[in-house]
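Q: Pasting start.cif below, which is mmCIF, C-alpha atoms.
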```cif
data_protein
#
loop_
_atom_site.label_atom_id
_atom_site.label_comp_id
_atom_site.auth_asym_id
_atom_site.auth_seq_id
_atom_site.Cartn_x
_atom_site.Cartn_y
_atom_site.Cartn_z
CA MET A 1 109.76 56.89 97.11
CA ASN A 2 106.44 56.97 95.29
CA LYS A 3 104.06 59.69 96.40
CA THR A 4 100.40 58.88 96.95
CA LYS A 5 98.25 60.81 94.52
CA LEU A 6 96.13 63.40 96.32
CA LYS A 7 92.43 62.60 95.98
CA ILE A 8 89.57 65.06 96.39
CA ILE A 9 86.67 63.28 98.08
CA GLU A 10 83.24 64.90 98.25
CA GLY A 11 81.76 64.45 101.71
CA ASN A 12 78.13 63.87 102.57
CA ASN A 13 77.70 66.82 104.94
CA LYS A 14 74.22 67.78 103.78
CA GLU A 15 74.22 71.08 105.59
CA LYS A 16 77.27 72.30 103.70
CA ASN A 17 76.57 70.72 100.30
CA GLN A 18 72.95 71.55 99.72
CA ALA A 19 71.66 73.47 96.71
CA SER A 20 70.28 76.33 98.83
CA ARG A 21 73.71 77.95 99.10
CA ARG A 22 73.50 81.58 97.90
CA PHE A 23 76.53 83.80 97.31
CA ILE A 24 76.52 87.10 99.22
CA SER A 25 80.06 88.49 98.94
CA ALA A 26 83.75 87.64 98.89
CA TYR A 27 86.87 89.56 99.87
CA VAL A 28 90.60 88.99 99.46
CA THR A 29 93.68 90.70 100.90
CA ASN A 30 95.84 92.56 98.39
CA THR A 31 99.00 90.92 99.77
CA ARG A 32 99.98 88.60 96.91
CA LEU A 33 103.37 90.30 96.52
CA MET A 34 104.20 89.31 100.11
CA GLY A 35 103.65 85.71 99.02
CA VAL A 36 100.41 85.04 100.93
CA ILE A 37 96.76 86.06 100.70
CA GLY A 38 93.65 85.60 102.81
CA MET A 39 90.17 85.24 101.32
CA TYR A 40 86.70 84.78 102.75
CA ILE A 41 83.35 84.02 101.14
CA HIS A 42 79.99 84.85 102.69
CA TRP A 43 77.06 82.60 101.76
CA LYS A 44 73.45 82.29 102.90
CA MET A 45 72.18 78.78 103.60
CA ASN A 46 68.74 78.12 105.09
CA ASP A 47 68.61 81.86 105.80
CA GLU A 48 71.72 81.48 107.98
CA ASP A 49 75.09 83.15 107.46
CA TYR A 50 77.88 80.84 106.37
CA TYR A 51 81.46 82.11 106.16
CA GLN A 52 84.40 80.27 104.64
CA LEU A 53 87.90 81.59 105.41
CA PHE A 54 90.94 80.55 103.35
CA HIS A 55 94.68 81.14 103.68
CA PHE A 56 96.85 80.68 100.57
CA ASP A 57 100.66 80.58 100.31
CA ALA A 58 102.03 81.21 96.83
CA GLU A 59 105.57 79.99 97.52
CA GLU A 60 105.55 76.51 99.06
CA TYR A 61 102.43 75.56 101.00
CA GLY A 62 99.51 76.41 98.73
CA PHE A 63 96.07 76.19 100.36
CA ASP A 64 97.26 75.72 103.95
CA ASN A 65 94.48 76.88 106.31
CA TYR A 66 90.69 76.82 106.35
CA ILE A 67 88.00 77.75 108.89
CA SER A 68 84.21 77.95 108.54
CA VAL A 69 81.65 79.76 110.67
CA TYR A 70 77.98 78.81 110.34
CA GLY A 71 75.02 80.56 111.95
CA ASP A 72 74.59 83.79 113.83
CA HIS A 73 78.19 84.12 114.99
CA LYS A 74 79.41 87.38 113.47
CA GLU A 75 81.68 88.07 116.43
CA ARG A 76 83.37 84.70 116.09
CA PHE A 77 83.75 85.25 112.35
CA ALA A 78 85.44 88.62 113.00
CA ILE A 79 87.82 87.02 115.52
CA GLU A 80 88.71 84.15 113.17
CA ARG A 81 89.24 86.54 110.25
CA GLU A 82 91.58 88.73 112.30
CA ALA A 83 93.49 85.72 113.61
CA MET A 84 94.02 84.32 110.10
CA MET A 85 94.39 87.51 108.04
CA GLY A 86 94.88 90.45 110.37
CA GLY A 87 98.66 90.16 110.33
CA LEU A 88 98.99 90.14 106.54
CA GLY A 89 99.07 93.93 106.38
CA GLY A 90 96.76 94.39 103.41
CA ARG A 91 93.38 95.80 102.50
CA PHE A 92 90.31 93.66 101.78
CA ILE A 93 89.29 93.88 98.11
CA SER A 94 85.87 92.78 96.86
CA LEU A 95 85.62 89.78 94.54
CA ARG A 96 82.87 88.43 92.33
CA GLU A 97 81.85 84.82 92.95
CA ASN A 98 83.65 83.47 89.87
CA GLU A 99 86.82 85.37 90.87
CA ALA A 100 86.74 83.82 94.35
CA ARG A 101 86.25 80.35 92.85
CA TYR A 102 89.10 81.00 90.38
CA LEU A 103 91.52 81.94 93.19
CA PHE A 104 90.50 78.92 95.23
CA GLN A 105 91.10 76.64 92.24
CA ILE A 106 94.58 78.07 91.63
CA TYR A 107 95.77 77.08 95.10
CA MET A 108 93.85 73.82 95.19
CA ASN A 109 95.67 72.94 91.95
CA MET A 110 98.97 73.83 93.63
CA ASN A 111 98.24 71.38 96.44
CA ILE A 112 97.25 68.63 94.03
CA LYS A 113 100.28 69.19 91.77
CA ASN A 114 102.76 69.19 94.68
CA ASN A 115 100.96 66.53 96.74
CA LEU A 116 100.41 68.94 99.62
CA SER A 117 97.95 68.03 102.34
CA LEU A 118 94.62 69.86 102.43
CA PRO A 119 92.93 71.41 105.47
CA GLU A 120 89.96 69.62 106.96
CA PRO A 121 87.04 69.25 106.58
CA ARG A 122 87.48 68.93 102.82
CA SER A 123 83.79 68.20 102.29
CA GLU A 124 82.95 71.83 103.09
CA TYR A 125 84.82 73.37 100.17
CA THR A 126 85.22 70.75 97.42
CA PHE A 127 82.14 72.16 95.67
CA LEU A 128 84.31 75.17 94.78
CA TYR A 129 86.52 72.89 92.70
CA LYS A 130 83.85 70.98 90.78
CA LYS A 131 83.09 73.50 88.07
CA ARG A 132 86.40 74.81 86.71
CA ILE A 133 86.62 78.53 85.98
CA GLY A 134 88.11 79.45 82.61
CA PHE A 135 89.38 83.03 82.53
CA SER A 136 90.79 85.05 79.67
CA ASN A 137 94.20 86.71 80.10
CA GLU A 138 92.42 90.01 80.68
CA GLU A 139 90.29 88.48 83.46
CA LYS A 140 93.35 86.86 85.01
CA ASN A 141 95.18 90.20 85.00
CA SER A 142 92.17 91.85 86.61
CA VAL A 143 92.27 89.35 89.49
CA MET A 144 96.03 89.76 89.83
CA ASN A 145 95.60 93.52 90.10
CA LYS A 146 93.09 92.99 92.89
CA ILE A 147 95.33 90.74 94.98
CA CYS A 148 98.45 92.91 94.52
CA GLU A 149 98.79 96.29 96.19
CA PRO A 150 99.55 99.22 93.84
CA ILE A 151 103.24 99.89 93.15
CA GLU A 152 103.76 103.51 94.18
CA SER A 153 107.54 103.87 94.57
CA GLU A 154 110.83 102.63 93.17
CA TYR A 155 111.96 101.07 96.44
CA GLN A 156 108.67 99.24 96.81
CA ALA A 157 108.96 97.80 93.27
CA ILE A 158 112.55 96.65 93.87
CA ASN A 159 111.94 95.09 97.28
CA TYR A 160 108.87 93.20 96.09
CA PHE A 161 110.68 92.06 92.94
CA LEU A 162 113.66 90.65 94.83
CA MET A 163 111.34 89.08 97.40
CA ARG A 164 109.50 87.25 94.63
CA ALA A 165 112.68 86.39 92.69
CA PHE A 166 114.45 84.77 95.64
CA ALA A 167 111.22 82.94 96.53
CA LYS A 168 111.24 81.45 93.00
CA ASP A 169 107.77 82.94 92.52
CA PHE A 170 107.77 83.33 88.75
CA GLU A 171 104.20 84.62 88.57
CA GLY A 172 105.07 87.42 91.01
CA VAL A 173 108.24 88.25 89.07
CA ALA A 174 106.30 88.43 85.81
CA TYR A 175 103.71 90.76 87.34
CA LEU A 176 106.39 93.21 88.48
CA SER A 177 108.34 93.14 85.22
CA GLU A 178 105.70 93.36 82.50
CA ASN A 179 106.01 89.60 81.90
CA ARG A 180 109.80 89.57 81.50
CA GLU A 181 111.65 86.45 82.61
CA PHE A 182 114.56 86.57 85.05
CA LEU A 183 116.53 83.85 86.78
CA LEU A 184 118.41 85.66 89.54
CA TYR A 185 118.49 82.85 92.08
CA GLU A 186 119.39 79.26 91.29
CA GLY A 187 118.98 77.76 94.74
CA LYS A 188 117.18 74.44 95.03
CA HIS A 189 114.52 75.80 97.38
CA PRO A 190 112.74 79.15 97.69
CA ALA A 191 114.75 81.62 99.74
CA THR A 192 113.54 84.35 102.11
CA LEU A 193 114.65 87.95 101.70
CA LEU A 194 115.73 88.97 105.21
CA LYS A 195 117.21 92.36 104.39
CA ASN A 196 117.72 94.48 101.30
CA THR A 197 119.70 97.70 100.92
CA ILE A 198 119.14 99.80 97.79
CA GLU A 199 121.55 102.33 96.29
CA GLU A 200 120.80 104.40 93.19
CA GLU A 201 123.61 104.11 90.67
CA HIS A 202 122.89 106.05 87.48
CA ASP A 203 120.30 107.07 84.89
CA ASN A 204 120.35 105.89 81.31
CA GLU A 205 118.06 106.07 78.33
CA ASN A 206 116.08 103.04 79.50
CA GLY A 207 115.51 104.09 83.11
CA VAL A 208 117.24 104.33 86.47
CA SER A 209 119.75 101.72 87.63
CA TYR A 210 119.98 100.54 91.25
CA VAL A 211 122.40 98.21 93.04
CA CYS A 212 120.95 96.02 95.78
CA GLU A 213 122.65 94.12 98.57
CA SER A 214 120.32 91.34 99.69
CA LEU A 215 120.69 89.03 102.67
CA ILE A 216 118.72 85.84 102.00
CA GLU A 217 118.12 82.57 103.85
CA GLU A 218 117.49 79.14 102.35
CA LYS A 219 117.07 76.22 104.75
CA LEU A 220 119.12 78.01 107.48
CA LYS A 221 121.94 78.84 105.05
CA TYR A 222 122.67 82.51 104.40
CA ARG A 223 123.94 84.35 101.34
CA LEU A 224 124.60 87.93 100.39
CA GLU A 225 123.43 88.58 96.82
CA ILE A 226 124.40 91.68 94.86
CA THR A 227 122.01 92.58 92.05
CA GLU A 228 121.77 95.44 89.55
CA ILE A 229 118.22 96.41 88.69
CA LEU A 230 116.99 98.74 85.97
CA LEU A 231 113.63 100.38 86.66
CA LYS A 232 111.37 101.96 84.10
CA LYS A 233 108.28 104.15 84.33
CA ASP A 234 105.63 104.00 81.64
CA ASN A 235 102.18 105.65 81.81
CA GLY A 236 102.43 105.89 85.58
CA ARG A 237 103.42 102.23 86.05
CA ILE A 238 106.76 101.38 87.65
CA TYR A 239 108.24 98.06 86.60
CA ILE A 240 111.48 96.10 86.39
CA PHE A 241 113.02 96.49 82.94
CA ASP A 242 116.19 94.50 83.56
CA ALA A 243 117.92 92.66 86.40
CA GLN A 244 121.41 91.17 86.51
CA LYS A 245 123.17 89.27 89.26
CA ARG A 246 126.58 90.78 90.00
CA SER A 247 127.97 88.53 92.72
CA ALA A 248 127.10 86.35 95.72
CA LEU A 249 128.80 85.43 98.97
CA ASN A 250 128.02 82.81 101.61
CA VAL A 251 127.76 84.23 105.14
CA SER A 252 127.62 82.53 108.52
CA ALA A 253 124.63 82.58 110.85
CA ALA A 254 126.59 84.87 113.19
CA GLU A 255 127.36 87.30 110.36
CA ALA A 256 123.69 87.25 109.29
CA ALA A 257 122.57 87.98 112.86
CA LEU A 258 124.94 90.94 112.97
CA MET A 259 123.54 92.31 109.70
CA LEU A 260 120.00 92.02 111.09
CA SER A 261 120.71 93.53 114.50
CA ARG A 262 118.84 96.70 115.51
CA PRO A 263 118.01 98.51 118.76
CA GLU A 264 115.27 97.03 120.91
CA TYR A 265 113.22 98.91 123.50
CA ILE A 266 111.71 96.88 126.33
CA ASN A 267 109.27 97.81 129.10
CA ILE A 268 108.72 95.48 132.04
CA TYR A 269 105.36 95.46 133.85
CA ASN A 270 104.08 93.45 136.80
CA ILE A 271 100.72 91.75 136.33
CA ASP A 272 97.96 91.71 138.95
CA GLU A 273 97.82 88.06 140.00
CA ASP A 274 94.03 88.14 140.38
CA VAL A 275 93.37 88.52 136.64
CA ASP A 276 93.59 85.97 133.81
CA PHE A 277 95.78 88.33 131.82
CA ILE A 278 96.34 85.96 128.89
CA GLU A 279 92.62 85.74 128.08
CA PHE A 280 92.20 89.45 128.75
CA PHE A 281 95.01 90.29 126.31
CA LYS A 282 93.66 87.93 123.63
CA LYS A 283 90.37 89.85 123.67
CA LYS A 284 92.14 93.21 123.50
CA LYS A 285 94.48 92.15 120.67
CA PRO A 286 92.57 89.53 118.62
CA ASN A 287 94.71 90.16 115.54
CA ALA A 288 98.02 89.46 117.30
CA LEU A 289 99.83 86.24 116.42
CA PHE A 290 99.84 83.98 119.51
CA ASN A 291 102.52 81.40 120.35
CA ILE A 292 103.21 79.35 123.48
CA HIS A 293 106.81 78.71 124.56
CA SER A 294 108.21 76.75 127.51
CA SER A 295 107.72 79.46 130.12
CA VAL A 296 106.18 82.40 128.28
CA TYR A 297 103.19 83.32 126.11
CA LEU A 298 104.14 85.42 123.11
CA PHE A 299 101.95 87.83 121.12
CA THR A 300 103.23 89.54 117.97
CA GLU A 301 101.33 92.52 116.61
CA PHE A 302 101.93 93.59 113.02
CA ASN A 303 101.56 96.94 111.29
CA PHE A 304 98.21 97.52 109.60
CA ASN A 305 99.96 97.86 106.23
CA ASN A 306 103.17 96.77 104.49
CA SER A 307 104.74 100.23 104.22
CA HIS A 308 108.10 98.79 105.35
CA VAL A 309 108.47 97.43 101.80
CA LYS A 310 108.78 101.05 100.59
CA GLU A 311 111.93 101.67 102.65
CA LYS A 312 115.42 102.05 101.18
CA VAL A 313 116.57 99.46 103.73
CA TYR A 314 113.98 96.70 103.85
CA MET A 315 113.91 94.19 106.71
CA LEU A 316 111.65 91.16 106.86
CA ASN A 317 110.58 91.87 110.44
CA GLY A 318 110.00 95.54 109.69
CA ASP A 319 106.27 94.81 109.67
CA ILE A 320 106.26 94.15 113.43
CA TYR A 321 104.47 96.83 115.42
CA GLY A 322 105.22 95.36 118.83
CA VAL A 323 105.92 92.14 120.71
CA TYR A 324 104.19 91.25 123.99
CA CYS A 325 105.39 88.53 126.33
CA ILE A 326 103.57 87.17 129.39
CA SER A 327 105.87 85.14 131.64
CA GLU A 328 105.14 82.47 134.21
CA ALA A 329 106.71 84.82 136.78
CA GLY A 330 103.84 87.29 136.34
CA GLN A 331 105.71 89.75 134.14
CA PHE A 332 104.31 91.51 131.09
CA ILE A 333 107.19 92.37 128.76
CA VAL A 334 106.62 94.77 125.87
CA ALA A 335 109.21 95.18 123.11
CA GLY A 336 109.44 97.55 120.15
CA TYR A 337 111.96 98.58 117.53
CA ASN A 338 110.83 102.14 116.92
CA LEU A 339 110.62 104.87 119.57
CA ASP A 340 107.43 106.41 118.15
CA LYS A 341 105.65 103.05 118.11
CA MET A 342 106.97 102.27 121.57
CA GLN A 343 105.51 105.51 122.87
CA ARG A 344 102.15 104.69 121.30
CA MET A 345 102.19 101.26 122.96
CA GLU A 346 102.98 102.86 126.32
CA ASN A 347 100.11 105.32 125.94
CA TYR A 348 97.71 102.54 124.98
CA LEU A 349 98.68 100.41 127.96
CA SER A 350 98.30 103.33 130.37
CA LYS A 351 94.61 103.73 129.51
CA GLY A 352 91.43 101.68 129.75
CA ASP A 353 91.33 98.42 131.66
CA PHE A 354 95.08 97.84 131.31
CA ARG A 355 95.88 100.39 134.00
CA TYR A 356 94.03 98.25 136.56
CA TYR A 357 95.96 95.07 135.78
CA ILE A 358 99.58 96.09 135.10
CA SER A 359 102.16 98.41 136.66
CA LEU A 360 105.35 99.62 135.00
CA VAL A 361 108.54 98.42 136.68
CA GLU A 362 111.36 99.42 134.34
CA LYS A 363 112.16 100.70 130.85
CA LEU A 364 115.23 99.28 129.11
CA GLU A 365 117.07 99.82 125.82
CA PHE A 366 119.38 97.34 124.09
CA LYS A 367 121.69 97.74 121.10
CA GLU A 368 120.37 94.53 119.58
CA SER A 369 117.35 92.26 119.95
CA ILE A 370 117.28 90.31 123.18
CA LEU A 371 113.63 89.44 123.81
CA TYR A 372 113.64 86.31 121.63
CA GLU A 373 116.75 85.11 123.48
CA PHE A 374 114.67 85.32 126.65
CA VAL A 375 111.66 83.63 125.05
CA ASN A 376 113.78 80.62 124.07
CA SER A 377 115.90 80.55 127.22
CA GLY A 378 113.50 78.74 129.56
CA TYR A 379 113.71 81.55 132.13
CA GLU A 380 110.50 82.77 133.75
CA ASP A 381 111.85 86.04 135.16
CA PHE A 382 113.32 88.57 132.72
CA PHE A 383 115.62 90.13 135.33
CA ASP A 384 117.04 86.70 136.24
CA PHE A 385 117.68 86.13 132.55
CA LEU A 386 119.56 89.46 132.27
CA THR A 387 121.71 88.62 135.28
CA ASP A 388 122.91 85.39 133.68
CA PHE A 389 122.94 86.57 130.05
#
```
Kindly return the structure encoded in the file as structure tokens.
A:
Amino acid sequence: MNKTKLKIIEGNNKEKNQASRRFISAYVTNTRLMGVIGMYIHWKMNDEDYYQLFHFDAEEYGFDNYISVYGDHKERFAIEREAMMGGLGGRFISLRENEARYLFQIYMNMNIKNNLSLPEPRSEYTFLYKKRIGFSNEEKNSVMNKICEPIESEYQAINYFLMRAFAKDFEGVAYLSENREFLLYEGKHPATLLKNTIEEEHDNENGVSYVCESLIEEKLKYRLEITEILLKKDNGRIYIFDAQKRSALNVSAAEAALMLSRPEYINIYNIDEDVDFIEFFKKKKPNALFNIHSSVYLFTEFNFNNSHVKEKVYMLNGDIYGVYCISEAGQFIVAGYNLDKMQRMENYLSKGDFRYYISLVEKLEFKESILYEFVNSGYEDFFDFLTDF
């Protein structure tokens, strides 16, 4: 089937395309090694604030989300920024105007090359693509250093490296290996690193060798990949010196679920029926990811950083701080995977306005995750779900 060539059409929105646009600032998240980044640019037009917010995926989807805020709406801008970028777990790093344009053009090119659809309205941002930015290798490296968080530990370097390798992200692999080339994964599509366990094996004259057991998923198929990685330290920089695939094994979905299982702590609250608790919670947790299911409203709150990548046992969902579920039965269900974080959530919910709207009913502990089973079950009452589970 022939693909239609993607065309960039300049719109005639005068307000957004006028010459009075003046650059104020730009910021980007330093989350490139997670495979995604968020960026926003602040302009002045007609003495009004104009914010452009971009979401870029380095693995498959390219430039996949865009929002603009024009006028005196700083609160709305803050809400939109948190909704788009708050869950990425990174810090905002300042960019010069040409650096922001360069990053935009990289992901716009990715969309054009792979015939990926572009967010609307295109007319608001096509001016960023008109004048191409030519950077030297040194300037490109400077931008890459800004969008990647510093590598501070061996486990962090290994987990990020395998994440990028299985995702077939060759730019990310090169960054973590001093521009060495590795082909560890030959799958047709990018794969997701679900879990990685690291064991130190031995030292040699070139560095320290580690053996990794990685559970990956590609299009709902699961494999266990065993890799030997040689790390090296040079002038304070930690990088991958060598990487060799030892073996691989297909695993079933049931086996993968068992490997990913972990304790789950759940608190059940009743909600005061006189309050619109969904809107109330959205205002209290604007950075939480919001999803609607058949009988529940789900909020997922992420850690403020990606420190889980520094763990000896890395898990993809290790960046979750807590999960909040509002059911049609008037229940507020709070789940966590760490006792300390669970205690912090309890303390938070016992203070402020929350104490007027919810009341604790029961605290439960499970050997494995059960909340998402409930979310997808169609049940409205969590206790009814447990009775039939």
Q: Might you pull out every residue within 9 Å of stretch 154-161 of chain A, with all atoms listed in the file counted and same-chain residues fewer than 5 positions away left off, and present them as a list in words?
A: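 Close residues of stretch 154-161 of chain A: Leu33, Met34, Phe166, Gly172, Val173, Leu176, Ser177, Leu193, Asn196, Thr197, Ile198, Tyr210, Cys212, Ile229, Leu231, Ile238, Tyr239, Ile240, Ser307, His308, Val309, Lys310, Glu311, Lys312, Val313 and Tyr314 of chain A.
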Q: Taking the file as shown, find all residues satisfying the PyMOL selection byres ((chain A and resi 207) around 7) and write them as a list of chain:residue names.
A: A:Asp203, A:Asn204, A:Glu205, A:Asn206, A:Val208, A:Ser209, A:Leu230, A:Leu231, A:Lys232
Q: What does the PyMOL selection byres ((chain A and resi 107) around 8) select in this file, as a PyMOL selection string?
A: chain A and resi 56-58+62-63+103-106+108-111
Q: Could you spell out the hits of the PyMOL selection byres ((chain A and resi 71) around 6) on the shown file, as a PyMOL selection string?
A: chain A and resi 48-49+70+72-73
Q: Could those residues be written to a file, using C-alpha atoms, as a PDB file, keeping the file's coordinate frame?
A:
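Result file follows (result_5.pdb):
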```pdb
ATOM      1  CA  GLU A  48      71.720  81.480 107.980  1.00  0.00           C
ATOM      2  CA  ASP A  49      75.090  83.150 107.460  1.00  0.00           C
ATOM      3  CA  TYR A  70      77.980  78.810 110.340  1.00  0.00           C
ATOM      4  CA  ASP A  72      74.590  83.790 113.830  1.00  0.00           C
ATOM      5  CA  HIS A  73      78.190  84.120 114.990  1.00  0.00           C
TER       6      HIS A  73
END
```
Q: What are the closest atom pairs, with distances in Å to one decimal, for all residues of stretch 55-94 of chain A lying within 9 Å of stretch 289-295 of chain A? Consider all atoms listed in the file, order rows by chain and residue number, and present the result as a tab-separated table.
A:
```
residue	atom	partner	partner_atom	distance
A:Ala83	CA	A:Leu289	CA	7.0
A:Met84	CA	A:Leu289	CA	8.8
A:Gly86	CA	A:Leu289	CA	8.9
A:Gly87	CA	A:Leu289	CA	7.3
```
Q: Point out the residue among A:His189, A:Lys195, A:Arg21, A:Arg246 with the least atom-to-atom distance to A:Leu258, counting all atoms listed in the file.
A: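 Selected residue with least distance to A:Leu258: A:Lys195.
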Q: How many Å lie between atom CA of A:Gly187 and atom CA of A:Ala248, rounded to one decimal?
A: 11.9 Å
Q: Between atom CA of A:Asn250 and atom CA of A:Tyr222, what is the distance, to one decimal in Å?
A: 6.0 Å
Q: Extract, using all atoms listed in the file, all DNA, RNA and protein residues at most 7 Å from A:Ala26, discarding same-chain residues fewer than 6 positions from it, and format them as a PyMOL selection string.
A: chain A and resi 40-42+94-97+100
Q: Counting all atoms listed in the file, what is within 9 Å of A:Phe332, bar same-chain residues fewer than 2 positions away, as number ranges by chain?
A: A: 267-271, 324-327, 330, 334, 358
Q: For the selection just defined, write its residues with C-alpha atoms to a file, as a PDB file, in the coordinates of the input.
A:
```pdb
ATOM      1  CA  ASN A 267     109.270  97.810 129.100  1.00  0.00           C
ATOM      2  CA  ILE A 268     108.720  95.480 132.040  1.00  0.00           C
ATOM      3  CA  TYR A 269     105.360  95.460 133.850  1.00  0.00           C
ATOM      4  CA  ASN A 270     104.080  93.450 136.800  1.00  0.00           C
ATOM      5  CA  ILE A 271     100.720  91.750 136.330  1.00  0.00           C
ATOM      6  CA  TYR A 324     104.190  91.250 123.990  1.00  0.00           C
ATOM      7  CA  CYS A 325     105.390  88.530 126.330  1.00  0.00           C
ATOM      8  CA  ILE A 326     103.570  87.170 129.390  1.00  0.00           C
ATOM      9  CA  SER A 327     105.870  85.140 131.640  1.00  0.00           C
ATOM     10  CA  GLY A 330     103.840  87.290 136.340  1.00  0.00           C
ATOM     11  CA  VAL A 334     106.620  94.770 125.870  1.00  0.00           C
ATOM     12  CA  ILE A 358      99.580  96.090 135.100  1.00  0.00           C
TER      13      ILE A 358
END
```
Q: Could I see stretch 63-78 of chain A restored to N, CA and C atoms, set down as an mmCIF file, in the frame of the given file?
A:
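Written file, selection_14.cif:
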```
data_model
loop_
_atom_site.group_PDB
_atom_site.id
_atom_site.type_symbol
_atom_site.label_atom_id
_atom_site.label_comp_id
_atom_site.auth_asym_id
_atom_site.auth_seq_id
_atom_site.Cartn_x
_atom_site.Cartn_y
_atom_site.Cartn_z
ATOM 1 N N PHE A 63 97.268 76.020 99.531
ATOM 2 C CA PHE A 63 96.070 76.190 100.360
ATOM 3 C C PHE A 63 96.364 75.515 101.706
ATOM 4 N N ASP A 64 96.717 76.311 102.733
ATOM 5 C CA ASP A 64 97.260 75.720 103.950
ATOM 6 C C ASP A 64 96.427 75.960 105.210
ATOM 7 N N ASN A 65 95.313 76.703 105.115
ATOM 8 C CA ASN A 65 94.480 76.880 106.310
ATOM 9 C C ASN A 65 93.048 77.195 105.889
ATOM 10 N N TYR A 66 92.107 76.638 106.643
ATOM 11 C CA TYR A 66 90.690 76.820 106.350
ATOM 12 C C TYR A 66 89.887 76.797 107.639
ATOM 13 N N ILE A 67 88.924 77.711 107.744
ATOM 14 C CA ILE A 67 88.000 77.750 108.890
ATOM 15 C C ILE A 67 86.632 78.130 108.346
ATOM 16 N N SER A 68 85.569 77.553 108.921
ATOM 17 C CA SER A 68 84.210 77.950 108.540
ATOM 18 C C SER A 68 83.449 78.368 109.785
ATOM 19 N N VAL A 69 82.516 79.291 109.588
ATOM 20 C CA VAL A 69 81.650 79.760 110.670
ATOM 21 C C VAL A 69 80.224 79.745 110.148
ATOM 22 N N TYR A 70 79.356 78.959 110.796
ATOM 23 C CA TYR A 70 77.980 78.810 110.340
ATOM 24 C C TYR A 70 77.022 79.308 111.419
ATOM 25 N N GLY A 71 76.035 80.080 111.009
ATOM 26 C CA GLY A 71 75.020 80.560 111.950
ATOM 27 C C GLY A 71 75.267 81.995 112.375
ATOM 28 N N ASP A 72 74.541 82.404 113.362
ATOM 29 C CA ASP A 72 74.590 83.790 113.830
ATOM 30 C C ASP A 72 75.765 83.984 114.785
ATOM 31 N N HIS A 73 76.966 84.004 114.189
ATOM 32 C CA HIS A 73 78.190 84.120 114.990
ATOM 33 C C HIS A 73 79.127 85.151 114.354
ATOM 34 N N LYS A 74 78.616 86.350 114.134
ATOM 35 C CA LYS A 74 79.410 87.380 113.470
ATOM 36 C C LYS A 74 80.650 87.761 114.276
ATOM 37 N N GLU A 75 80.522 87.730 115.600
ATOM 38 C CA GLU A 75 81.680 88.070 116.430
ATOM 39 C C GLU A 75 82.777 87.021 116.286
ATOM 40 N N ARG A 76 82.372 85.754 116.271
ATOM 41 C CA ARG A 76 83.370 84.700 116.090
ATOM 42 C C ARG A 76 84.012 84.794 114.715
ATOM 43 N N PHE A 77 83.199 85.088 113.693
ATOM 44 C CA PHE A 77 83.750 85.250 112.350
ATOM 45 C C PHE A 77 84.798 86.363 112.341
ATOM 46 N N ALA A 78 84.498 87.496 112.967
ATOM 47 C CA ALA A 78 85.440 88.620 113.000
ATOM 48 C C ALA A 78 86.733 88.226 113.700
#
```
